[in-house]
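Text of input-v2.cif, listed as mmCIF, C-alpha atoms and all ligand atoms:
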```cif
data_data
loop_
_atom_site.group_PDB
_atom_site.id
_atom_site.type_symbol
_atom_site.label_atom_id
_atom_site.label_comp_id
_atom_site.auth_asym_id
_atom_site.auth_seq_id
_atom_site.Cartn_x
_atom_site.Cartn_y
_atom_site.Cartn_z
ATOM 1 C CA MET A 12 -30.478 14.768 17.377
ATOM 2 C CA ALA A 13 -28.049 11.852 17.326
ATOM 3 C CA THR A 14 -29.427 8.381 17.882
ATOM 4 C CA SER A 15 -27.569 5.856 19.967
ATOM 5 C CA ARG A 16 -25.567 3.131 18.287
ATOM 6 C CA THR A 17 -24.193 -0.233 19.198
ATOM 7 C CA ILE A 18 -20.481 -0.906 19.336
ATOM 8 C CA HIS A 19 -20.850 -2.871 16.134
ATOM 9 C CA GLU A 20 -22.576 0.010 14.350
ATOM 10 C CA ALA A 21 -20.002 2.522 15.569
ATOM 11 C CA LEU A 22 -17.167 0.345 14.304
ATOM 12 C CA ARG A 23 -18.875 -0.160 10.969
ATOM 13 C CA TRP A 24 -19.443 3.560 10.578
ATOM 14 C CA ALA A 25 -15.810 4.399 11.379
ATOM 15 C CA SER A 26 -14.429 1.706 9.170
ATOM 16 C CA SER A 27 -16.374 2.757 6.072
ATOM 17 C CA PHE A 28 -15.684 6.458 6.777
ATOM 18 C CA LEU A 29 -11.951 5.734 6.954
ATOM 19 C CA GLU A 30 -11.932 3.329 4.042
ATOM 20 C CA GLU A 31 -13.594 5.890 1.748
ATOM 21 C CA ARG A 32 -10.702 8.225 2.570
ATOM 22 C CA LYS A 33 -8.089 5.499 2.095
ATOM 23 C CA LEU A 34 -7.090 5.656 5.764
ATOM 24 C CA GLU A 35 -6.052 2.859 8.107
ATOM 25 C CA THR A 36 -9.366 1.300 9.221
ATOM 26 C CA MET A 37 -7.864 -0.295 12.349
ATOM 27 C CA ALA A 38 -7.464 3.207 13.789
ATOM 28 C CA GLY A 39 -11.254 3.297 14.268
ATOM 29 C CA GLU A 40 -11.121 0.254 16.510
ATOM 30 C CA TRP A 41 -8.201 1.641 18.532
ATOM 31 C CA LEU A 42 -10.061 4.891 19.088
ATOM 32 C CA LEU A 43 -13.277 3.203 20.118
ATOM 33 C CA ARG A 44 -11.408 0.980 22.576
ATOM 34 C CA HIS A 45 -9.751 4.088 23.946
ATOM 35 C CA HIS A 46 -13.079 5.879 24.439
ATOM 36 C CA LEU A 47 -14.716 2.837 26.006
ATOM 37 C CA GLY A 48 -11.638 1.913 28.037
ATOM 38 C CA VAL A 49 -11.742 -1.738 26.982
ATOM 39 C CA GLU A 50 -9.293 -4.278 25.600
ATOM 40 C CA ARG A 51 -9.846 -5.889 22.217
ATOM 41 C CA ALA A 52 -11.636 -8.960 23.616
ATOM 42 C CA GLY A 53 -13.924 -6.717 25.685
ATOM 43 C CA LEU A 54 -14.927 -4.798 22.600
ATOM 44 C CA PHE A 55 -16.023 -7.893 20.714
ATOM 45 C CA ALA A 56 -17.769 -9.419 23.730
ATOM 46 C CA ARG A 57 -19.942 -6.283 23.905
ATOM 47 C CA PHE A 58 -20.628 -5.953 20.196
ATOM 48 C CA GLN A 59 -24.384 -5.414 20.548
ATOM 49 C CA ASP A 60 -24.180 -3.035 23.540
ATOM 50 C CA GLU A 61 -25.333 0.509 22.963
ATOM 51 C CA ILE A 62 -22.847 3.331 23.386
ATOM 52 C CA PRO A 63 -23.922 6.521 25.219
ATOM 53 C CA VAL A 64 -24.608 9.270 22.669
ATOM 54 C CA THR A 65 -22.016 11.667 24.114
ATOM 55 C CA LEU A 66 -19.365 8.981 23.961
ATOM 56 C CA PHE A 67 -20.225 8.187 20.356
ATOM 57 C CA GLU A 68 -19.985 11.868 19.474
ATOM 58 C CA ALA A 69 -16.572 12.203 21.096
ATOM 59 C CA PHE A 70 -15.437 9.103 19.203
ATOM 60 C CA GLN A 71 -16.817 10.567 15.974
ATOM 61 C CA GLN A 72 -14.857 13.809 16.521
ATOM 62 C CA ASP A 73 -11.663 11.796 16.881
ATOM 63 C CA VAL A 74 -12.383 9.893 13.677
ATOM 64 C CA TYR A 75 -12.785 13.259 11.923
ATOM 65 C CA MET A 76 -9.404 14.285 13.360
ATOM 66 C CA LEU A 77 -7.865 11.159 11.809
ATOM 67 C CA ALA A 78 -9.245 12.242 8.445
ATOM 68 C CA LYS A 79 -7.545 15.615 8.952
ATOM 69 C CA GLY A 80 -4.219 13.805 9.310
ATOM 70 C CA TYR A 81 -3.825 13.546 13.094
ATOM 71 C CA PRO A 82 -1.942 10.396 14.074
ATOM 72 C CA VAL A 83 -4.153 8.014 16.041
ATOM 73 C CA GLN A 84 -1.417 7.805 18.701
ATOM 74 C CA HIS A 85 -1.781 11.541 19.413
ATOM 75 C CA LEU A 86 -5.531 11.153 19.880
ATOM 76 C CA ILE A 87 -5.071 8.186 22.191
ATOM 77 C CA GLY A 88 -1.984 9.699 23.851
ATOM 78 C CA HIS A 89 0.229 6.647 23.779
ATOM 79 C CA GLU A 90 1.746 3.876 21.676
ATOM 80 C CA GLU A 91 2.900 0.385 22.611
ATOM 81 C CA PHE A 92 6.568 -0.457 22.372
ATOM 82 C CA PHE A 93 8.061 -3.800 23.386
ATOM 83 C CA GLY A 94 4.794 -4.634 25.138
ATOM 84 C CA ARG A 95 4.607 -1.457 27.216
ATOM 85 C CA PRO A 96 2.614 1.752 26.706
ATOM 86 C CA PHE A 97 4.596 4.978 26.160
ATOM 87 C CA LYS A 98 3.159 8.471 26.253
ATOM 88 C CA VAL A 99 3.579 10.411 23.021
ATOM 89 C CA SER A 100 2.869 13.929 21.793
ATOM 90 C CA GLY A 101 3.795 16.180 18.884
ATOM 91 C CA ASP A 102 7.156 16.770 20.588
ATOM 92 C CA VAL A 103 8.497 13.249 20.028
ATOM 93 C CA LEU A 104 8.658 10.642 17.304
ATOM 94 C CA ILE A 105 5.931 8.008 17.646
ATOM 95 C CA PRO A 106 7.553 4.630 18.454
ATOM 96 C CA ARG A 107 7.859 2.357 15.401
ATOM 97 C CA PRO A 108 7.816 -1.441 15.570
ATOM 98 C CA GLU A 109 11.130 -1.594 13.625
ATOM 99 C CA THR A 110 12.896 -0.105 16.638
ATOM 100 C CA GLU A 111 11.987 -3.218 18.657
ATOM 101 C CA GLU A 112 14.496 -5.073 16.490
ATOM 102 C CA LEU A 113 17.202 -2.642 17.582
ATOM 103 C CA ILE A 114 16.439 -3.550 21.196
ATOM 104 C CA ILE A 115 16.603 -7.271 20.412
ATOM 105 C CA ALA A 116 19.937 -6.877 18.591
ATOM 106 C CA VAL A 117 21.460 -4.940 21.525
ATOM 107 C CA LEU A 118 20.255 -7.422 24.161
ATOM 108 C CA GLU A 119 21.574 -10.347 22.139
ATOM 109 C CA ARG A 120 24.986 -8.789 21.290
ATOM 110 C CA ARG A 121 25.613 -7.561 24.814
ATOM 111 C CA LYS A 122 25.443 -11.161 26.076
ATOM 112 C CA VAL A 123 27.854 -12.426 23.441
ATOM 113 C CA LEU A 124 30.321 -9.598 24.066
ATOM 114 C CA PHE A 125 30.067 -8.996 27.793
ATOM 115 C CA GLY A 126 28.130 -11.880 29.350
ATOM 116 C CA HIS A 127 26.185 -10.497 32.302
ATOM 117 C CA ALA A 128 28.670 -7.784 33.296
ATOM 118 C CA GLU A 129 27.335 -4.494 34.617
ATOM 119 C CA LEU A 130 27.686 -1.939 31.816
ATOM 120 C CA GLU A 131 27.288 1.760 31.041
ATOM 121 C CA ALA A 132 24.864 2.302 28.164
ATOM 122 C CA VAL A 133 23.528 5.400 26.443
ATOM 123 C CA ASP A 134 20.518 6.076 24.207
ATOM 124 C CA VAL A 135 21.395 9.042 21.995
ATOM 125 C CA GLY A 136 18.443 11.186 20.849
ATOM 126 C CA THR A 137 16.059 9.401 23.150
ATOM 127 C CA GLY A 138 12.823 11.137 22.030
ATOM 128 C CA SER A 139 9.965 9.542 23.954
ATOM 129 C CA GLY A 140 12.556 7.482 25.836
ATOM 130 C CA ILE A 141 11.486 4.102 24.469
ATOM 131 C CA ILE A 142 14.980 2.727 23.858
ATOM 132 C CA ALA A 143 16.499 3.804 27.179
ATOM 133 C CA THR A 144 13.456 2.724 29.189
ATOM 134 C CA THR A 145 13.121 -0.641 27.467
ATOM 135 C CA LEU A 146 16.826 -1.487 27.752
ATOM 136 C CA SER A 147 16.849 -0.511 31.394
ATOM 137 C CA LEU A 148 13.827 -2.720 32.159
ATOM 138 C CA GLU A 149 14.884 -5.678 30.027
ATOM 139 C CA ASP A 150 18.457 -5.821 31.341
ATOM 140 C CA LYS A 151 18.967 -4.906 34.974
ATOM 141 C CA TRP A 152 22.762 -4.894 34.563
ATOM 142 C CA LEU A 153 22.696 -1.904 32.233
ATOM 143 C CA ARG A 154 23.161 1.553 33.733
ATOM 144 C CA LEU A 155 21.345 3.869 31.359
ATOM 145 C CA SER A 156 21.980 7.457 30.323
ATOM 146 C CA ALA A 157 20.017 9.225 27.609
ATOM 147 C CA SER A 158 20.333 12.494 25.723
ATOM 148 C CA ASP A 159 18.155 14.676 23.539
ATOM 149 C CA LEU A 160 18.510 18.121 22.030
ATOM 150 C CA SER A 161 14.850 18.906 22.669
ATOM 151 C CA GLU A 162 13.835 19.943 26.204
ATOM 152 C CA LYS A 163 10.253 18.966 25.458
ATOM 153 C CA ALA A 164 11.268 15.502 24.285
ATOM 154 C CA LEU A 165 13.316 15.064 27.459
ATOM 155 C CA GLU A 166 10.271 16.004 29.542
ATOM 156 C CA MET A 167 8.286 13.264 27.807
ATOM 157 C CA ALA A 168 11.135 10.737 28.135
ATOM 158 C CA LYS A 169 11.393 11.464 31.870
ATOM 159 C CA GLN A 170 7.658 10.960 32.302
ATOM 160 C CA ASN A 171 7.827 7.635 30.496
ATOM 161 C CA ALA A 172 10.832 6.481 32.505
ATOM 162 C CA THR A 173 9.136 7.434 35.767
ATOM 163 C CA GLU A 174 5.904 5.754 34.709
ATOM 164 C CA HIS A 175 7.779 2.490 34.135
ATOM 165 C CA GLN A 176 10.115 2.945 37.115
ATOM 166 C CA ALA A 177 13.195 2.864 34.914
ATOM 167 C CA ASP A 178 16.308 4.387 36.422
ATOM 168 C CA ILE A 179 17.799 6.608 33.695
ATOM 169 C CA THR A 180 19.951 9.735 33.871
ATOM 170 C CA PHE A 181 18.909 12.310 31.262
ATOM 171 C CA TYR A 182 21.058 14.996 29.641
ATOM 172 C CA GLN A 183 20.128 17.825 27.306
ATOM 173 C CA GLY A 184 22.425 18.319 24.327
ATOM 174 C CA ASP A 185 23.344 17.474 20.753
ATOM 175 C CA LEU A 186 23.823 13.706 20.345
ATOM 176 C CA LEU A 187 26.922 12.701 22.398
ATOM 177 C CA GLU A 188 28.017 16.280 23.181
ATOM 178 C CA PRO A 189 26.930 16.261 26.878
ATOM 179 C CA PHE A 190 29.076 13.165 27.518
ATOM 180 C CA ILE A 191 32.100 14.613 25.732
ATOM 181 C CA GLN A 192 31.803 17.633 28.037
ATOM 182 C CA MET A 193 31.667 15.366 31.090
ATOM 183 C CA GLY A 194 34.377 12.995 29.901
ATOM 184 C CA LYS A 195 31.999 10.057 30.305
ATOM 185 C CA GLN A 196 32.531 6.810 28.375
ATOM 186 C CA PHE A 197 30.202 3.954 27.508
ATOM 187 C CA ASP A 198 30.279 0.217 26.830
ATOM 188 C CA ILE A 199 27.085 0.406 24.773
ATOM 189 C CA ILE A 200 25.972 3.275 22.546
ATOM 190 C CA VAL A 201 22.557 2.999 20.923
ATOM 191 C CA SER A 202 20.758 5.469 18.713
ATOM 192 C CA ASN A 203 17.757 5.784 16.457
ATOM 193 C CA PRO A 204 18.596 9.259 15.190
ATOM 194 C CA PRO A 205 16.733 11.271 12.542
ATOM 195 C CA TYR A 206 17.577 9.733 9.158
ATOM 196 C CA ILE A 207 15.129 10.950 6.533
ATOM 197 C CA PRO A 208 16.714 12.843 3.601
ATOM 198 C CA GLU A 209 15.367 16.415 3.238
ATOM 199 C CA SER A 210 14.328 15.589 -0.313
ATOM 200 C CA ASP A 211 11.872 12.908 0.922
ATOM 201 C CA ARG A 212 9.837 15.509 2.809
ATOM 202 C CA GLU A 213 7.066 15.731 0.211
ATOM 203 C CA SER A 214 6.662 11.988 -0.072
ATOM 204 C CA LEU A 215 5.973 11.483 3.643
ATOM 205 C CA ALA A 216 2.426 10.750 4.801
ATOM 206 C CA ILE A 217 0.596 13.824 6.090
ATOM 207 C CA HIS A 218 0.330 12.444 9.640
ATOM 208 C CA VAL A 219 4.127 12.202 9.727
ATOM 209 C CA ARG A 220 4.985 15.410 7.848
ATOM 210 C CA GLU A 221 2.612 17.669 9.706
ATOM 211 C CA HIS A 222 2.424 16.103 13.147
ATOM 212 C CA GLU A 223 5.779 14.598 14.036
ATOM 213 C CA PRO A 224 8.688 16.861 15.000
ATOM 214 C CA GLU A 225 11.053 17.973 12.210
ATOM 215 C CA LEU A 226 13.991 17.568 14.552
ATOM 216 C CA ALA A 227 13.257 13.850 14.957
ATOM 217 C CA LEU A 228 12.790 13.180 11.242
ATOM 218 C CA PHE A 229 15.260 14.926 8.957
ATOM 219 C CA ALA A 230 19.029 14.688 8.746
ATOM 220 C CA GLY A 231 20.434 16.626 5.801
ATOM 221 C CA ARG A 232 20.567 16.018 2.076
ATOM 222 C CA ASP A 233 21.155 12.253 2.222
ATOM 223 C CA GLY A 234 19.741 11.600 5.704
ATOM 224 C CA LEU A 235 23.165 10.589 7.013
ATOM 225 C CA ASP A 236 24.183 13.781 8.848
ATOM 226 C CA CYS A 237 23.569 12.375 12.336
ATOM 227 C CA TYR A 238 25.563 9.200 11.649
ATOM 228 C CA ARG A 239 28.499 11.307 10.450
ATOM 229 C CA LYS A 240 28.388 13.421 13.572
ATOM 230 C CA LEU A 241 27.878 10.412 15.841
ATOM 231 C CA THR A 242 30.803 8.525 14.279
ATOM 232 C CA HIS A 243 33.018 11.553 14.813
ATOM 233 C CA GLN A 244 31.850 12.069 18.420
ATOM 234 C CA LEU A 245 32.131 8.361 19.254
ATOM 235 C CA LYS A 246 35.925 8.491 19.381
ATOM 236 C CA GLN A 247 35.767 10.465 22.606
ATOM 237 C CA VAL A 248 32.963 8.524 24.236
ATOM 238 C CA VAL A 249 33.400 4.857 23.361
ATOM 239 C CA LYS A 250 35.259 2.461 25.687
ATOM 240 C CA PRO A 251 38.080 0.390 24.142
ATOM 241 C CA ARG A 252 35.796 -2.657 23.989
ATOM 242 C CA ALA A 253 32.229 -1.703 23.151
ATOM 243 C CA LEU A 254 29.025 -2.162 21.203
ATOM 244 C CA VAL A 255 27.526 0.488 18.926
ATOM 245 C CA ALA A 256 24.046 -0.056 17.488
ATOM 246 C CA PHE A 257 22.238 2.358 15.166
ATOM 247 C CA GLU A 258 18.848 2.142 13.530
ATOM 248 C CA VAL A 259 19.053 3.270 9.891
ATOM 249 C CA GLY A 260 16.650 3.948 7.041
ATOM 250 C CA ALA A 261 16.107 1.559 4.135
ATOM 251 C CA GLY A 262 19.094 1.763 1.790
ATOM 252 C CA GLN A 263 21.420 3.432 4.327
ATOM 253 C CA GLY A 264 22.875 0.298 5.915
ATOM 254 C CA GLU A 265 26.008 -0.135 3.853
ATOM 255 C CA ALA A 266 26.964 3.567 3.937
ATOM 256 C CA VAL A 267 26.669 3.698 7.732
ATOM 257 C CA ARG A 268 28.451 0.369 8.202
ATOM 258 C CA LYS A 269 31.352 1.655 6.078
ATOM 259 C CA MET A 270 31.486 4.894 8.035
ATOM 260 C CA LEU A 271 31.917 2.965 11.304
ATOM 261 C CA GLN A 272 34.312 0.431 9.821
ATOM 262 C CA GLU A 273 36.593 3.182 8.505
ATOM 263 C CA ALA A 274 36.535 5.105 11.772
ATOM 264 C CA PHE A 275 37.126 1.939 13.832
ATOM 265 C CA PRO A 276 39.007 -0.514 11.580
ATOM 266 C CA ASN A 277 39.447 -3.137 14.303
ATOM 267 C CA THR A 278 35.757 -3.614 15.038
ATOM 268 C CA ASP A 279 33.395 -6.121 13.467
ATOM 269 C CA THR A 280 30.526 -4.460 11.653
ATOM 270 C CA GLU A 281 27.266 -5.767 10.251
ATOM 271 C CA VAL A 282 23.995 -4.651 8.690
ATOM 272 C CA ARG A 283 20.820 -6.411 9.811
ATOM 273 C CA LEU A 284 17.525 -6.475 7.953
ATOM 274 C CA ASP A 285 14.081 -5.914 9.458
ATOM 275 C CA ILE A 286 11.091 -8.238 9.007
ATOM 276 C CA ASN A 287 10.365 -6.519 5.697
ATOM 277 C CA LYS A 288 13.901 -7.391 4.477
ATOM 278 C CA LYS A 289 15.003 -3.759 4.527
ATOM 279 C CA ASP A 290 18.316 -2.796 6.091
ATOM 280 C CA ARG A 291 17.456 -1.434 9.495
ATOM 281 C CA ILE A 292 20.249 -1.931 11.989
ATOM 282 C CA VAL A 293 23.985 -1.330 11.827
ATOM 283 C CA LEU A 294 26.211 -2.810 14.495
ATOM 284 C CA ALA A 295 29.880 -2.260 15.294
ATOM 285 C CA TYR A 296 31.463 -4.192 18.144
ATOM 286 C CA GLY A 297 34.672 -5.423 19.635
ATOM 287 C CA ASN A 298 37.880 -3.447 19.627
ATOM 288 C CA PHE A 299 37.397 0.300 19.200
ATOM 289 C CA VAL A 300 41.082 1.073 19.734
ATOM 290 C CA GLU A 301 42.509 2.340 16.460
ATOM 291 C CA GLU A 302 46.100 1.120 16.680
ATOM 292 C CA LEU A 303 46.727 -2.575 16.384
HETATM 293 N N1 LIG B 401 15.010 7.244 19.919
HETATM 294 C C1 LIG B 401 13.642 7.594 19.720
HETATM 295 C C2 LIG B 401 12.885 6.446 19.077
HETATM 296 O O1 LIG B 401 13.460 5.466 18.726
HETATM 297 C C3 LIG B 401 13.511 8.848 18.893
HETATM 298 C C4 LIG B 401 13.973 8.662 17.498
HETATM 299 C C5 LIG B 401 13.953 9.966 16.727
HETATM 300 O O2 LIG B 401 13.392 10.959 17.178
HETATM 301 N N2 LIG B 401 14.557 9.955 15.587
HETATM 302 O O3 LIG B 401 11.716 6.518 18.914
#
```

I need this file expressed as structure tokens, please.
Ligand code: GLN
Amino acid sequence: MATSRTIHEALRWASSFLEERKLETMAGEWLLRHHLGVERAGLFARFQDEIPVTLFEAFQQDVYMLAKGYPVQHLIGHEEFFGRPFKVSGDVLIPRPETEELIIAVLERRKVLFGHAELEAVDVGTGSGIIATTLSLEDKWLRLSASDLSEKALEMAKQNATEHQADITFYQGDLLEPFIQMGKQFDIIVSNPPYIPESDRESLAIHVREHEPELALFAGRDGLDCYRKLTHQLKQVVKPRALVAFEVGAGQGEAVRKMLQEAFPNTDTEVRLDINKKDRIVLAYGNFVEEL
């Protein structure tokens, strides 16, 4: 027969349980807040309150799931991105904070290049829809399209867009393929495609390897397959004056920058680092017309 516990005791239990297993101890706090339906401040204000036994048991089950490798975001059902909650599931990549820097780079560059002009933008491989939704909400002069190969990911992206009242047109297909078919062209093309080399599979954390979708993670032997395909497809989809912004993996920046520079010799290209000083974003902008 379980005895009741205070919030403090529940947190302490979860934190030592997780620590013994070398797991992220903060996940215990996130789960408890989720079960109690309180914000961080609320949790600490009620430190000595007792938790109903059934609630504690449900919380405990979730902590056991963490130890089995389930991502905390799947247990909670959402993750924050750019200050907004997005639904997630095993069908989409869980939003990463690094991708917020891609958003910032796009918003900043668009102003420099186009001022406040109304523009056509696309998020390629939208997954949970974080990039398309965030860009659409942060910049009301962007008309957003988004694509994904996975029907299930698109379902999730549509739910997230609807939830946040973002006006986005979704297309199913491989990277830019749907837009090539339609003959549609864009001023801004953004993508955080899969970029993990196949050979890194074994070194990934279990919660990534076993719970996030293969399709969203891996991209060939060197992880660059999607950038190669995107660069090739871009020629048919990019407007003469445009902005292309890709998220990349650590160590891939220069290779992807070169790929774009060679395909579009008249553009300016740059690699930007993330807060951990790893290359994270590749930009190409300006004149995408090949002939001088
Ligand atoms: N564009 C989505 C994101 O940034 C999905 C990325 C992916 O699945 N590789 O989260």

Return as lines of an AutoDock Vina configuration file the centre and edge lengths, in Å with one decimal, of the box along x, y and z that encloses every atom of ligand LIG 401 (chain B) in the file, padded by 5 Å per side.
```
center_x = 13.4
center_y = 8.2
center_z = 17.8
size_x = 13.3
size_y = 15.5
size_z = 14.3
```

Go through stretch 101-192 of chain A residue by residue and, counting all atoms listed in the file, keep those with an atom at most 8 Å from stretch 254-268 of chain A; for each kept residue give the shortest atom pair and its distance in Å to one decimal, ordered by chain and increasing number, as JSON lines.
```
{"residue": "A:Thr110", "atom": "CA", "partner": "A:Glu258", "partner_atom": "CA", "distance": 7.1}
{"residue": "A:Leu113", "atom": "CA", "partner": "A:Glu258", "partner_atom": "CA", "distance": 6.5}
{"residue": "A:Val117", "atom": "CA", "partner": "A:Ala256", "partner_atom": "CA", "distance": 6.8}
{"residue": "A:Arg120", "atom": "CA", "partner": "A:Leu254", "partner_atom": "CA", "distance": 7.8}
{"residue": "A:Arg121", "atom": "CA", "partner": "A:Leu254", "partner_atom": "CA", "distance": 7.3}
```

Writer output for current selection, C-alpha atoms, as a short mmCIF file (atom, residue, chain, number, x, y, z; two decimals), in the coordinates of the input:
```cif
data_model
loop_
_atom_site.label_atom_id
_atom_site.label_comp_id
_atom_site.auth_asym_id
_atom_site.auth_seq_id
_atom_site.Cartn_x
_atom_site.Cartn_y
_atom_site.Cartn_z
CA THR A 110 12.90 -0.10 16.64
CA LEU A 113 17.20 -2.64 17.58
CA VAL A 117 21.46 -4.94 21.52
CA ARG A 120 24.99 -8.79 21.29
CA ARG A 121 25.61 -7.56 24.81
#
```

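Considering all atoms listed in the file, the residue among A:Arg154, A:Lys79, A:Arg23, A:Lys240 positioned nearest to A:Glu129 is A:Arg154.
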
Exercise. Within 8 Å of ligand LIG 401 (chain B), which residues show up when you count all atoms listed in the file? List them as number ranges by chain, please.
Key: A: 103-107, 110, 134-142, 202-206, 224, 226-228

Practice problem: For A:Val248, please output as a list of chain:residue names all residues within 12 Å (counting only C-alpha atoms; exclusion window: fewer than 5 positions along the same chain). | Solution: A:Glu131, A:Ala132, A:Val133, A:Val135, A:Leu186, A:Leu187, A:Glu188, A:Pro189, A:Phe190, A:Ile191, A:Gln192, A:Met193, A:Gly194, A:Lys195, A:Gln196, A:Phe197, A:Asp198, A:Ile199, A:Ile200, A:Leu241, A:Thr242, A:His243, A:Ala253, A:Leu254, A:Val255, A:Phe299, A:Val300

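Taken over the shown file, the PyMOL selection byres (((chain A and resi 209) around 8) and not hetatm) identifies Ile207, Pro208, Ser210, Asp211, Arg212, Phe229, Ala230, Gly231, Arg232, Asp233 and Gly234 of chain A.
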
Can you patch up stretch 15-21 of chain A, filling it in to all heavy atoms, and show the result as a CSV table (one decimal), in the coordinates of the input?
```csv
chain,number,residue,atom,x,y,z
A,15,SER,N,-28.6,6.7,19.4
A,15,SER,CA,-27.6,5.9,20.0
A,15,SER,C,-27.2,4.7,19.0
A,15,SER,O,-28.0,4.3,18.2
A,15,SER,CB,-28.0,5.3,21.3
A,15,SER,OG,-29.0,4.5,21.2
A,16,ARG,N,-26.0,4.2,19.2
A,16,ARG,CA,-25.6,3.1,18.3
A,16,ARG,C,-25.0,2.0,19.1
A,16,ARG,O,-24.5,2.3,20.2
A,16,ARG,CB,-24.5,3.6,17.4
A,16,ARG,CG,-24.8,4.9,16.7
A,16,ARG,CD,-24.2,5.0,15.4
A,16,ARG,NE,-24.4,6.3,14.8
A,16,ARG,CZ,-24.2,6.5,13.5
A,16,ARG,NH1,-23.8,5.5,12.7
A,16,ARG,NH2,-24.4,7.7,13.0
A,17,THR,N,-24.9,0.9,18.5
A,17,THR,CA,-24.2,-0.2,19.2
A,17,THR,C,-22.7,-0.1,18.9
A,17,THR,O,-22.3,0.6,17.9
A,17,THR,CB,-24.7,-1.6,18.7
A,17,THR,OG1,-24.4,-1.7,17.3
A,17,THR,CG2,-26.2,-1.8,19.0
A,18,ILE,N,-21.9,-0.9,19.6
A,18,ILE,CA,-20.5,-0.9,19.3
A,18,ILE,C,-20.2,-1.3,17.9
A,18,ILE,O,-19.4,-0.8,17.2
A,18,ILE,CB,-19.8,-1.9,20.3
A,18,ILE,CG1,-19.7,-1.2,21.7
A,18,ILE,CG2,-18.4,-2.3,19.9
A,18,ILE,CD1,-19.0,-2.0,22.8
A,19,HIS,N,-21.0,-2.4,17.5
A,19,HIS,CA,-20.8,-2.9,16.1
A,19,HIS,C,-21.1,-1.8,15.1
A,19,HIS,O,-20.4,-1.6,14.2
A,19,HIS,CB,-21.8,-4.1,16.0
A,19,HIS,CG,-21.6,-4.8,14.6
A,19,HIS,ND1,-22.5,-5.8,14.2
A,19,HIS,CD2,-20.7,-4.6,13.7
A,19,HIS,CE1,-22.1,-6.2,13.0
A,19,HIS,NE2,-21.0,-5.5,12.7
A,20,GLU,N,-22.2,-1.0,15.3
A,20,GLU,CA,-22.6,0.0,14.4
A,20,GLU,C,-21.5,1.1,14.3
A,20,GLU,O,-21.2,1.7,13.3
A,20,GLU,CB,-24.0,0.6,14.7
A,20,GLU,CG,-25.1,-0.4,14.3
A,20,GLU,CD,-26.4,0.0,15.0
A,20,GLU,OE1,-26.4,0.8,16.0
A,20,GLU,OE2,-27.5,-0.5,14.6
A,21,ALA,N,-21.0,1.5,15.5
A,21,ALA,CA,-20.0,2.5,15.6
A,21,ALA,C,-18.8,2.1,14.8
A,21,ALA,O,-18.2,2.9,14.1
A,21,ALA,CB,-19.7,2.8,17.0
```
